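The data block below is final.pdb; it holds PDB, C-alpha atoms.
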```pdb
ATOM      1  CA  MET A   1      45.558  54.935  72.339
ATOM      2  CA  GLN A   2      46.206  54.981  68.639
ATOM      3  CA  PHE A   3      44.965  57.964  66.695
ATOM      4  CA  LYS A   4      42.778  55.730  64.594
ATOM      5  CA  GLU A   5      40.891  54.571  67.655
ATOM      6  CA  LEU A   6      40.640  58.119  68.930
ATOM      7  CA  VAL A   7      38.950  59.223  65.714
ATOM      8  CA  THR A   8      36.538  56.324  65.809
ATOM      9  CA  GLU A   9      35.665  56.859  69.446
ATOM     10  CA  LYS A  10      35.187  60.585  69.147
ATOM     11  CA  LEU A  11      32.945  60.206  66.125
ATOM     12  CA  LYS A  12      30.884  57.490  67.766
ATOM     13  CA  ASN A  13      30.430  59.543  70.915
ATOM     14  CA  GLN A  14      29.449  62.661  69.073
ATOM     15  CA  PHE A  15      27.279  61.176  66.320
ATOM     16  CA  SER A  16      26.131  57.853  67.709
ATOM     17  CA  ASP A  17      23.033  57.674  65.543
ATOM     18  CA  SER A  18      24.444  58.936  62.253
ATOM     19  CA  ILE A  19      27.561  56.778  61.908
ATOM     20  CA  VAL A  20      26.443  53.818  59.827
ATOM     21  CA  GLU A  21      29.672  51.877  59.552
ATOM     22  CA  VAL A  22      33.356  52.190  60.352
ATOM     23  CA  THR A  23      35.744  50.027  58.351
ATOM     24  CA  ASP A  24      39.480  49.628  58.625
ATOM     25  CA  PHE A  25      40.847  47.997  55.515
ATOM     26  CA  ARG A  26      44.615  47.772  54.953
ATOM     27  CA  ASP A  27      45.197  50.603  57.382
ATOM     28  CA  ASP A  28      42.707  52.898  55.661
ATOM     29  CA  LEU A  29      40.061  54.149  58.025
ATOM     30  CA  SER A  30      36.754  54.773  56.337
ATOM     31  CA  VAL A  31      33.545  56.041  57.880
ATOM     32  CA  LEU A  32      30.124  55.679  56.308
ATOM     33  CA  ILE A  33      27.690  58.293  57.561
ATOM     34  CA  LYS A  34      24.155  59.417  56.890
ATOM     35  CA  LYS A  35      24.110  62.036  54.162
ATOM     36  CA  GLU A  36      22.063  64.543  56.171
ATOM     37  CA  LYS A  37      24.860  64.861  58.729
ATOM     38  CA  ILE A  38      27.740  65.502  56.349
ATOM     39  CA  VAL A  39      28.289  69.171  57.196
ATOM     40  CA  GLU A  40      28.047  68.582  60.946
ATOM     41  CA  VAL A  41      30.512  65.697  60.821
ATOM     42  CA  ALA A  42      32.860  67.694  58.607
ATOM     43  CA  LYS A  43      32.732  70.689  60.914
ATOM     44  CA  PHE A  44      33.389  68.501  63.941
ATOM     45  CA  LEU A  45      36.348  66.743  62.341
ATOM     46  CA  LYS A  46      37.875  70.026  61.314
ATOM     47  CA  ASP A  47      37.322  72.012  64.493
ATOM     48  CA  ASP A  48      38.050  69.372  67.128
ATOM     49  CA  GLY A  49      41.309  70.260  68.885
ATOM     50  CA  ASP A  50      42.703  66.734  68.852
ATOM     51  CA  LEU A  51      41.673  65.772  65.334
ATOM     52  CA  GLN A  52      42.128  68.912  63.186
ATOM     53  CA  PHE A  53      41.256  67.516  59.789
ATOM     54  CA  ALA A  54      42.059  70.831  58.170
ATOM     55  CA  MET A  55      42.570  69.652  54.610
ATOM     56  CA  CYS A  56      40.045  68.299  52.149
ATOM     57  CA  LYS A  57      42.112  66.361  49.641
ATOM     58  CA  ASP A  58      39.435  65.160  47.287
ATOM     59  CA  ILE A  59      35.734  64.715  46.774
ATOM     60  CA  THR A  60      34.381  62.281  44.254
ATOM     61  CA  ALA A  61      31.484  59.940  43.667
ATOM     62  CA  ILE A  62      30.918  56.289  42.844
ATOM     63  CA  ASP A  63      28.154  55.268  40.492
ATOM     64  CA  TRP A  64      26.938  51.793  41.472
ATOM     65  CA  ALA A  65      24.612  51.724  38.439
ATOM     66  CA  THR A  66      22.217  48.981  39.515
ATOM     67  CA  ARG A  67      22.003  49.535  43.248
ATOM     68  CA  LYS A  68      19.044  51.298  44.720
ATOM     69  CA  LYS A  69      21.376  53.649  46.586
ATOM     70  CA  ARG A  70      22.985  54.562  43.319
ATOM     71  CA  PHE A  71      25.658  57.067  44.310
ATOM     72  CA  THR A  72      28.237  57.144  47.063
ATOM     73  CA  ILE A  73      29.988  60.437  47.700
ATOM     74  CA  VAL A  74      33.538  60.001  48.950
ATOM     75  CA  TYR A  75      35.502  62.622  50.896
ATOM     76  CA  GLN A  76      39.220  62.192  51.415
ATOM     77  CA  ILE A  77      40.368  64.381  54.272
ATOM     78  CA  PHE A  78      43.702  64.793  55.962
ATOM     79  CA  SER A  79      44.942  65.960  59.333
ATOM     80  CA  LEU A  80      48.257  67.740  58.938
ATOM     81  CA  ARG A  81      48.712  67.869  62.698
ATOM     82  CA  ASN A  82      48.474  64.088  63.055
ATOM     83  CA  ASN A  83      49.546  63.024  59.542
ATOM     84  CA  PHE A  84      46.411  60.966  59.134
ATOM     85  CA  ASN A  85      44.139  60.265  56.197
ATOM     86  CA  LEU A  86      40.447  59.648  56.705
ATOM     87  CA  ARG A  87      37.772  58.708  54.228
ATOM     88  CA  ILE A  88      34.151  59.728  54.765
ATOM     89  CA  LYS A  89      31.435  58.178  52.639
ATOM     90  CA  ALA A  90      27.772  58.952  52.289
ATOM     91  CA  ASN A  91      25.197  57.062  50.252
ATOM     92  CA  LEU A  92      22.565  58.882  48.225
ATOM     93  CA  ASP A  93      19.385  56.859  48.202
ATOM     94  CA  GLU A  94      16.890  58.673  46.061
ATOM     95  CA  GLU A  95      16.450  61.163  43.237
ATOM     96  CA  PRO A  96      17.192  64.012  43.028
ATOM     97  CA  TRP A  97      20.761  63.000  43.790
ATOM     98  CA  GLN A  98      21.615  65.704  46.236
ATOM     99  CA  ILE A  99      23.845  66.339  49.235
ATOM    100  CA  GLU A 100      24.792  69.383  51.275
ATOM    101  CA  SER A 101      27.944  71.179  50.152
ATOM    102  CA  VAL A 102      30.937  71.207  52.508
ATOM    103  CA  THR A 103      32.386  74.419  51.073
ATOM    104  CA  SER A 104      31.351  76.169  54.291
ATOM    105  CA  VAL A 105      33.803  73.911  56.143
ATOM    106  CA  TRP A 106      36.587  73.479  53.602
ATOM    107  CA  PRO A 107      36.585  76.267  50.968
ATOM    108  CA  GLY A 108      38.861  74.082  48.848
ATOM    109  CA  ALA A 109      35.975  71.694  48.297
ATOM    110  CA  ASN A 110      34.501  74.171  45.819
ATOM    111  CA  TRP A 111      36.095  72.817  42.659
ATOM    112  CA  TYR A 112      35.974  69.179  43.762
ATOM    113  CA  GLU A 113      32.225  69.492  44.116
ATOM    114  CA  ARG A 114      31.939  71.238  40.781
ATOM    115  CA  GLU A 115      33.883  68.407  39.170
ATOM    116  CA  THR A 116      31.702  65.769  40.815
ATOM    117  CA  TYR A 117      28.608  67.632  39.699
ATOM    118  CA  ASP A 118      29.931  67.834  36.140
ATOM    119  CA  MET A 119      30.843  64.157  35.900
ATOM    120  CA  TYR A 120      28.066  62.518  37.962
ATOM    121  CA  GLY A 121      25.233  65.021  38.089
ATOM    122  CA  VAL A 122      25.116  65.069  41.857
ATOM    123  CA  ILE A 123      23.804  68.391  43.111
ATOM    124  CA  PHE A 124      25.594  69.986  46.047
ATOM    125  CA  SER A 125      23.076  72.248  47.706
ATOM    126  CA  ASN A 126      24.244  75.617  49.062
ATOM    127  CA  HIS A 127      27.302  75.466  46.812
ATOM    128  CA  PRO A 128      28.381  79.066  45.991
ATOM    129  CA  ASP A 129      28.941  78.480  42.256
ATOM    130  CA  LEU A 130      27.831  75.081  41.009
ATOM    131  CA  ARG A 131      28.827  75.207  37.335
ATOM    132  CA  ARG A 132      30.396  72.541  35.134
ATOM    133  CA  MET A 133      34.120  72.102  35.515
ATOM    134  CA  TYR A 134      35.294  70.356  32.326
ATOM    135  CA  MET A 135      32.468  69.880  29.881
ATOM    136  CA  PRO A 136      31.215  72.857  27.858
ATOM    137  CA  GLU A 137      28.293  74.847  29.166
ATOM    138  CA  GLY A 138      25.036  73.623  27.738
ATOM    139  CA  PHE A 139      26.139  69.978  27.668
ATOM    140  CA  GLN A 140      23.215  67.823  28.709
ATOM    141  CA  TYR A 141      24.836  64.719  30.180
ATOM    142  CA  HIS A 142      27.143  63.566  32.947
ATOM    143  CA  PRO A 143      29.908  61.506  31.348
ATOM    144  CA  LEU A 144      31.131  59.351  34.246
ATOM    145  CA  ARG A 145      27.711  57.891  34.907
ATOM    146  CA  LYS A 146      27.626  54.222  34.036
ATOM    147  CA  ASP A 147      24.767  54.638  31.577
ATOM    148  CA  PHE A 148      26.730  57.158  29.509
ATOM    149  CA  PRO A 149      28.337  55.543  26.422
ATOM    150  CA  VAL A 150      32.135  55.731  26.220
ATOM    151  CA  LEU A 151      32.052  57.390  22.811
ATOM    152  CA  GLY A 152      29.480  59.914  23.921
ATOM    153  CA  ILE A 153      26.166  60.774  22.419
ATOM    154  CA  PRO A 154      26.466  61.848  18.757
ATOM    155  CA  GLY A 155      25.662  65.495  18.249
ATOM    156  CA  SER A 156      25.713  66.374  21.934
ATOM    157  CA  LEU A 157      28.977  68.297  21.607
ATOM    158  CA  PRO A 158      28.998  70.854  18.785
ATOM    159  CA  LEU A 159      31.934  71.089  16.361
ATOM    160  CA  PRO A 160      32.766  74.060  14.137
ATOM    161  CA  LYS A 161      31.253  73.843  10.671
ATOM    162  CA  VAL A 162      33.238  72.054   7.941
ATOM    163  CA  ILE A 163      34.927  74.326   5.402
ATOM    164  CA  LYS A 164      34.337  73.782   1.663
TER
ATOM    165  CA  MET B   1      71.564  74.990  -7.300
ATOM    166  CA  GLY B   2      73.906  76.252  -9.934
ATOM    167  CA  LEU B   3      71.944  79.456 -10.060
ATOM    168  CA  GLU B   4      75.012  81.558  -9.282
ATOM    169  CA  ALA B   5      76.906  80.103 -12.236
ATOM    170  CA  LYS B   6      74.002  80.885 -14.523
ATOM    171  CA  LEU B   7      73.777  84.440 -13.235
ATOM    172  CA  ASN B   8      77.503  84.934 -13.786
ATOM    173  CA  LYS B   9      77.212  83.818 -17.374
ATOM    174  CA  ASP B  10      73.986  85.367 -18.629
ATOM    175  CA  GLY B  11      72.895  87.695 -15.850
ATOM    176  CA  PHE B  12      69.288  86.553 -16.005
ATOM    177  CA  VAL B  13      67.030  83.500 -15.793
ATOM    178  CA  THR B  14      63.751  82.855 -17.483
ATOM    179  CA  THR B  15      60.890  81.357 -15.531
ATOM    180  CA  THR B  16      57.179  81.700 -15.104
ATOM    181  CA  LEU B  17      55.548  83.922 -12.533
ATOM    182  CA  ASP B  18      53.670  80.919 -11.124
ATOM    183  CA  ALA B  19      56.905  79.010 -10.607
ATOM    184  CA  ILE B  20      58.713  81.823  -8.865
ATOM    185  CA  ILE B  21      55.777  82.650  -6.606
ATOM    186  CA  ALA B  22      55.338  78.992  -5.675
ATOM    187  CA  TRP B  23      59.085  78.724  -5.078
ATOM    188  CA  ALA B  24      59.040  81.742  -2.786
ATOM    189  CA  ARG B  25      56.003  80.429  -0.929
ATOM    190  CA  LYS B  26      57.313  76.949  -0.348
ATOM    191  CA  SER B  27      60.701  78.212   0.790
ATOM    192  CA  SER B  28      59.275  80.296   3.599
ATOM    193  CA  VAL B  29      56.422  78.394   5.141
ATOM    194  CA  TRP B  30      55.836  79.984   8.511
ATOM    195  CA  PRO B  31      54.179  77.561  10.908
ATOM    196  CA  MET B  32      51.586  78.296  13.513
ATOM    197  CA  PRO B  33      52.646  76.011  16.387
ATOM    198  CA  MET B  34      49.291  74.759  17.622
ATOM    199  CA  GLY B  35      50.999  72.726  20.342
ATOM    200  CA  ILE B  36      48.181  71.353  22.441
ATOM    201  CA  SER B  37      49.884  68.384  24.088
ATOM    202  CA  CYS B  38      52.888  66.046  23.940
ATOM    203  CA  CYS B  39      53.402  66.268  20.144
ATOM    204  CA  ALA B  40      54.434  69.871  20.754
ATOM    205  CA  ILE B  41      57.669  68.653  22.359
ATOM    206  CA  GLU B  42      58.604  66.824  19.160
ATOM    207  CA  MET B  43      57.603  69.871  17.149
ATOM    208  CA  ILE B  44      60.000  71.961  19.252
ATOM    209  CA  SER B  45      62.693  69.324  18.681
ATOM    210  CA  ALA B  46      62.148  69.585  14.932
ATOM    211  CA  ALA B  47      63.000  73.277  15.130
ATOM    212  CA  ASP B  48      66.091  72.838  17.290
ATOM    213  CA  PRO B  49      69.658  72.779  15.885
ATOM    214  CA  LYS B  50      69.858  68.977  15.666
ATOM    215  CA  TYR B  51      66.978  68.567  13.245
ATOM    216  CA  ASP B  52      66.921  72.173  12.098
ATOM    217  CA  LEU B  53      63.634  72.891  10.412
ATOM    218  CA  ALA B  54      65.301  76.126   9.248
ATOM    219  CA  ARG B  55      66.868  74.156   6.389
ATOM    220  CA  PHE B  56      63.403  74.134   4.855
ATOM    221  CA  GLY B  57      62.594  77.739   5.628
ATOM    222  CA  SER B  58      60.097  76.844   8.329
ATOM    223  CA  GLU B  59      61.929  77.811  11.496
ATOM    224  CA  VAL B  60      59.886  80.946  12.094
ATOM    225  CA  MET B  61      57.242  79.752  14.505
ATOM    226  CA  ARG B  62      54.790  82.604  14.797
ATOM    227  CA  PHE B  63      52.523  82.827  17.777
ATOM    228  CA  THR B  64      50.092  85.084  16.027
ATOM    229  CA  PRO B  65      47.939  83.413  13.397
ATOM    230  CA  ARG B  66      48.041  86.521  11.210
ATOM    231  CA  GLN B  67      51.645  85.813  10.209
ATOM    232  CA  CYS B  68      51.320  82.109   9.435
ATOM    233  CA  ASP B  69      50.851  79.932   6.372
ATOM    234  CA  LEU B  70      50.878  76.515   7.980
ATOM    235  CA  MET B  71      49.075  75.277  11.041
ATOM    236  CA  ILE B  72      50.752  72.334  12.747
ATOM    237  CA  VAL B  73      48.075  70.878  14.986
ATOM    238  CA  ALA B  74      50.242  69.010  17.493
ATOM    239  CA  GLY B  75      48.186  67.303  20.145
ATOM    240  CA  THR B  76      44.887  65.913  21.271
ATOM    241  CA  VAL B  77      41.998  68.115  20.215
ATOM    242  CA  THR B  78      39.018  67.924  22.541
ATOM    243  CA  TYR B  79      35.588  69.157  21.563
ATOM    244  CA  LYS B  80      36.103  72.177  23.776
ATOM    245  CA  MET B  81      39.494  72.935  22.191
ATOM    246  CA  ALA B  82      38.159  72.384  18.662
ATOM    247  CA  GLN B  83      36.388  75.738  18.800
ATOM    248  CA  VAL B  84      39.667  77.469  19.674
ATOM    249  CA  VAL B  85      41.686  75.645  17.000
ATOM    250  CA  ARG B  86      39.147  76.577  14.376
ATOM    251  CA  ARG B  87      39.039  80.197  15.499
ATOM    252  CA  ILE B  88      42.817  80.471  15.201
ATOM    253  CA  TYR B  89      42.717  78.768  11.812
ATOM    254  CA  ASP B  90      40.115  81.252  10.628
ATOM    255  CA  GLN B  91      42.408  84.127  11.584
ATOM    256  CA  MET B  92      45.244  82.896   9.362
ATOM    257  CA  PRO B  93      45.481  84.664   6.007
ATOM    258  CA  GLU B  94      45.058  82.705   2.770
ATOM    259  CA  PRO B  95      46.748  80.680   1.377
ATOM    260  CA  LYS B  96      47.120  78.310   4.305
ATOM    261  CA  TRP B  97      47.843  74.674   4.944
ATOM    262  CA  VAL B  98      47.275  72.261   7.813
ATOM    263  CA  ILE B  99      49.362  69.381   9.145
ATOM    264  CA  ALA B 100      47.595  66.911  11.435
ATOM    265  CA  MET B 101      50.538  65.838  13.544
ATOM    266  CA  GLY B 102      50.293  62.498  15.311
ATOM    267  CA  ALA B 103      47.674  59.868  15.965
ATOM    268  CA  CYS B 104      45.383  62.017  18.126
ATOM    269  CA  THR B 105      44.829  64.739  15.571
ATOM    270  CA  SER B 106      44.580  62.296  12.689
ATOM    271  CA  SER B 107      42.074  59.912  14.217
ATOM    272  CA  GLY B 108      41.623  60.530  17.926
ATOM    273  CA  GLY B 109      44.439  58.087  18.580
ATOM    274  CA  MET B 110      44.274  56.206  21.827
ATOM    275  CA  TYR B 111      41.605  58.582  23.114
ATOM    276  CA  ARG B 112      38.587  56.740  21.797
ATOM    277  CA  SER B 113      36.429  58.746  24.126
ATOM    278  CA  TYR B 114      33.467  61.074  24.317
ATOM    279  CA  ASN B 115      35.508  64.234  24.766
ATOM    280  CA  VAL B 116      38.139  63.896  22.007
ATOM    281  CA  VAL B 117      37.432  64.750  18.383
ATOM    282  CA  GLN B 118      38.060  61.577  16.385
ATOM    283  CA  GLY B 119      40.178  63.288  13.731
ATOM    284  CA  ILE B 120      40.490  67.030  13.169
ATOM    285  CA  ASP B 121      39.403  66.617   9.555
ATOM    286  CA  GLN B 122      35.897  66.760  10.985
ATOM    287  CA  PHE B 123      36.242  70.543  11.145
ATOM    288  CA  LEU B 124      39.522  71.500   9.411
ATOM    289  CA  PRO B 125      40.756  70.879   5.844
ATOM    290  CA  VAL B 126      43.874  68.770   6.537
ATOM    291  CA  ASP B 127      46.629  68.594   3.906
ATOM    292  CA  VAL B 128      49.077  66.147   5.469
ATOM    293  CA  TYR B 129      48.557  63.517   8.151
ATOM    294  CA  THR B 130      51.568  62.423  10.184
ATOM    295  CA  ALA B 131      51.713  58.997  11.815
ATOM    296  CA  GLY B 132      53.271  58.376  15.209
ATOM    297  CA  CYS B 133      52.548  58.893  18.862
ATOM    298  CA  PRO B 134      54.251  61.280  18.950
ATOM    299  CA  PRO B 135      55.887  61.420  15.498
ATOM    300  CA  ARG B 136      59.637  61.812  15.493
ATOM    301  CA  PRO B 137      61.009  65.169  14.313
ATOM    302  CA  GLU B 138      62.112  63.555  11.031
ATOM    303  CA  ASN B 139      58.518  62.603  10.448
ATOM    304  CA  LEU B 140      57.335  66.171  10.974
ATOM    305  CA  ILE B 141      60.063  67.470   8.672
ATOM    306  CA  ASN B 142      58.863  64.959   6.097
ATOM    307  CA  ALA B 143      55.361  66.386   6.502
ATOM    308  CA  VAL B 144      56.662  69.909   5.964
ATOM    309  CA  MET B 145      58.488  68.722   2.840
ATOM    310  CA  THR B 146      55.275  67.145   1.585
ATOM    311  CA  ILE B 147      53.559  70.472   2.133
ATOM    312  CA  GLN B 148      56.355  72.118   0.133
ATOM    313  CA  GLN B 149      55.768  69.716  -2.734
ATOM    314  CA  LYS B 150      52.102  70.510  -2.579
ATOM    315  CA  ILE B 151      52.790  74.248  -2.623
ATOM    316  CA  SER B 152      55.210  73.941  -5.541
ATOM    317  CA  LYS B 153      52.374  72.564  -7.665
ATOM    318  CA  THR B 154      50.089  75.518  -6.959
ATOM    319  CA  LYS B 155      49.476  78.379  -9.336
ATOM    320  CA  ALA B 156      49.289  81.986  -8.245
ATOM    321  CA  ARG B 157      45.746  82.351  -9.538
ATOM    322  CA  ASP B 158      44.572  79.564  -7.212
ATOM    323  CA  PHE B 159      44.739  82.023  -4.361
ATOM    324  CA  GLN B 160      43.162  85.101  -5.822
ATOM    325  CA  ASP B 161      41.313  87.063  -3.232
ATOM    326  CA  ILE B 162      37.979  85.515  -2.646
ATOM    327  CA  PRO B 163      35.721  87.930  -0.786
ATOM    328  CA  LEU B 164      34.587  86.375   2.454
ATOM    329  CA  LEU B 165      31.416  88.438   2.394
ATOM    330  CA  ASN B 166      29.101  88.507  -0.544
ATOM    331  CA  LEU B 167      28.383  92.243  -0.575
ATOM    332  CA  GLU B 168      25.227  91.893  -2.658
ATOM    333  CA  THR B 169      23.583  89.617  -0.150
ATOM    334  CA  ALA B 170      24.989  91.606   2.759
ATOM    335  CA  LYS B 171      23.146  94.712   1.534
ATOM    336  CA  ASN B 172      19.881  92.891   1.687
TER
END
```
Please rewrite the model in this file as structure tokens.
Amino acid sequence: MQFKELVTEKLKNQFSDSIVEVTDFRDDLSVLIKKEKIVEVAKFLKDDGDLQFAMCKDITAIDWATRKKRFTIVYQIFSLRNNFNLRIKANLDEEPWQIESVTSVWPGANWYERETYDMYGVIFSNHPDLRRMYMPEGFQYHPLRKDFPVLGIPGSLPLPKVIK
Amino acid sequence: MGLEAKLNKDGFVTTTLDAIIAWARKSSVWPMPMGISCCAIEMISAADPKYDLARFGSEVMRFTPRQCDLMIVAGTVTYKMAQVVRRIYDQMPEPKWVIAMGACTSSGGMYRSYNVVQGIDQFLPVDVYTAGCPPRPENLINAVMTIQQKISKTKARDFQDIPLLNLETAKN
């Protein structure tokens, strides 16, 4: 059995009711799950002896702008043991845009979640230190949202006073 | 310059105090290398033996603002970095000059974006703008020479100590 099938089967056995969709596009396996189950799925994928997805490579979000389920959170994880990349996705369906933090599973997710919070305004609950990553403290907006203008909002970022 | 010949003959030269002070100032412009991104590499090249900024008395890159006359802002200035650039500028003693090196510092350049200041003249008094992305070392040297021309026109009294604090109002 290929590893890809093993992952799919194990996930479907363990979380039969919370796996929404499994897609395999151009050799990229991607699993859409219910957002409530994210920590459980993450813990399972990391701790399972055969899978061992020990590394969280990236966490980001997609802003679909007009869809009702506006945000999709994307987790790129990697199994060093099996040299395999897996993508987990979870849709956020209602305000407040919120999902459980996976820092308890992968401590390295800390800054990825901070970055996603900074850029998209998605709140990761139970995150140890959810501050902005790039934008200055006190900034009101989340720049990578689709409704944020490319040139920013005038006056939202303070500049030093002009001399003379 | 022919100065040696003159000194041999007469033993003295006549000049004005303004001229000699301006001459001394322009011949030893010490830059503050505010190298924020890729322009900094060209700024380093300008100081290396091939281009040799030392010919113009500007080879002494000082990494403390308290010893500098000229700030070369070399690189993209974000809104977050603007506060730092300005703080360093404020620590430089008067008289001081600013070169906006490259497209980013002059106008935001290709970063027409929410996080990049669209031209550092929004918060700094810029003396010379340099075109290029990044500008070649010759271009930076040309900017330094333009600064020298600008300095040579100054008078000593232009830079008399201006108290930063108005003591009368500070008392109240």
* Up to 9 Å from (30.8, 58.9, 45.6) in the file's coordinates: name the residues, counting only C-alpha atoms, as a PyMOL selection string. => chain A and resi 59-63+71-75+89-92+116+120
* Asked: Once the ChimeraX specification (/B :<10) & /A has been applied to the shown file, what residues remain in the selection, as a ChimeraX atom specification?
  -> /A:134-137,143,148-154,156-164
Keeping only C-alpha atoms, write the selected residues as a compact mmCIF listing (two decimals), in the frame of the given file.
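What follows is the written file again.txt:
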```
# COMPACT_ATOMS: atom_id res chain seq x y z
CA TYR A 134 35.29 70.36 32.33
CA MET A 135 32.47 69.88 29.88
CA PRO A 136 31.22 72.86 27.86
CA GLU A 137 28.29 74.85 29.17
CA PRO A 143 29.91 61.51 31.35
CA PHE A 148 26.73 57.16 29.51
CA PRO A 149 28.34 55.54 26.42
CA VAL A 150 32.14 55.73 26.22
CA LEU A 151 32.05 57.39 22.81
CA GLY A 152 29.48 59.91 23.92
CA ILE A 153 26.17 60.77 22.42
CA PRO A 154 26.47 61.85 18.76
CA SER A 156 25.71 66.37 21.93
CA LEU A 157 28.98 68.30 21.61
CA PRO A 158 29.00 70.85 18.78
CA LEU A 159 31.93 71.09 16.36
CA PRO A 160 32.77 74.06 14.14
CA LYS A 161 31.25 73.84 10.67
CA VAL A 162 33.24 72.05 7.94
CA ILE A 163 34.93 74.33 5.40
CA LYS A 164 34.34 73.78 1.66
```
* Written as a ChimeraX atom specification, what is the full residue list that the PyMOL selection byres ((chain B and resi 101) around 9) yields on the file shown? -> /B:39,43,72-75,99-100,102-106,128-135,140,143
* Residues selected by the PyMOL selection byres ((chain B and resi 37) around 9), written as a ChimeraX atom specification -> /B:35-36,38-41,74-77
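With atom CA of A:Pro107 on one side and atom CA of A:Phe15 on the other, the separation reads 23.5 Å.
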* Quick one: everything within 9 Å of A:Leu86, counting all atoms listed in the file, minus sequence neighbours fewer than 5 positions away in the same chain. Send it as a VMD selection string. => chain A and resid 28 to 31 53 75 to 79
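For A:Thr66, the non-local neighbours within 12 Å, defined as residues at least 6 positions apart in the same chain or in other chains and counting all atoms listed in the file, are Arg145, Lys146 and Asp147 of chain A.
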At a cut-off of 9 Å, using only C-alpha atoms, what residues contact B:Lys26? Leave out same-chain residues fewer than 3 positions from it and give the result as an mmCIF file with C-alpha atoms, in the coordinates of the input.
```cif
data_model
loop_
_atom_site.group_PDB
_atom_site.id
_atom_site.type_symbol
_atom_site.label_atom_id
_atom_site.label_comp_id
_atom_site.auth_asym_id
_atom_site.auth_seq_id
_atom_site.Cartn_x
_atom_site.Cartn_y
_atom_site.Cartn_z
ATOM 1 C CA ILE B 21 55.777 82.650 -6.606
ATOM 2 C CA ALA B 22 55.338 78.992 -5.675
ATOM 3 C CA TRP B 23 59.085 78.724 -5.078
ATOM 4 C CA VAL B 29 56.422 78.394 5.141
ATOM 5 C CA PHE B 56 63.403 74.134 4.855
ATOM 6 C CA GLY B 57 62.594 77.739 5.628
ATOM 7 C CA MET B 145 58.488 68.722 2.840
ATOM 8 C CA ILE B 147 53.559 70.472 2.133
ATOM 9 C CA GLN B 148 56.355 72.118 0.133
ATOM 10 C CA GLN B 149 55.768 69.716 -2.734
ATOM 11 C CA LYS B 150 52.102 70.510 -2.579
ATOM 12 C CA ILE B 151 52.790 74.248 -2.623
ATOM 13 C CA SER B 152 55.210 73.941 -5.541
#
```
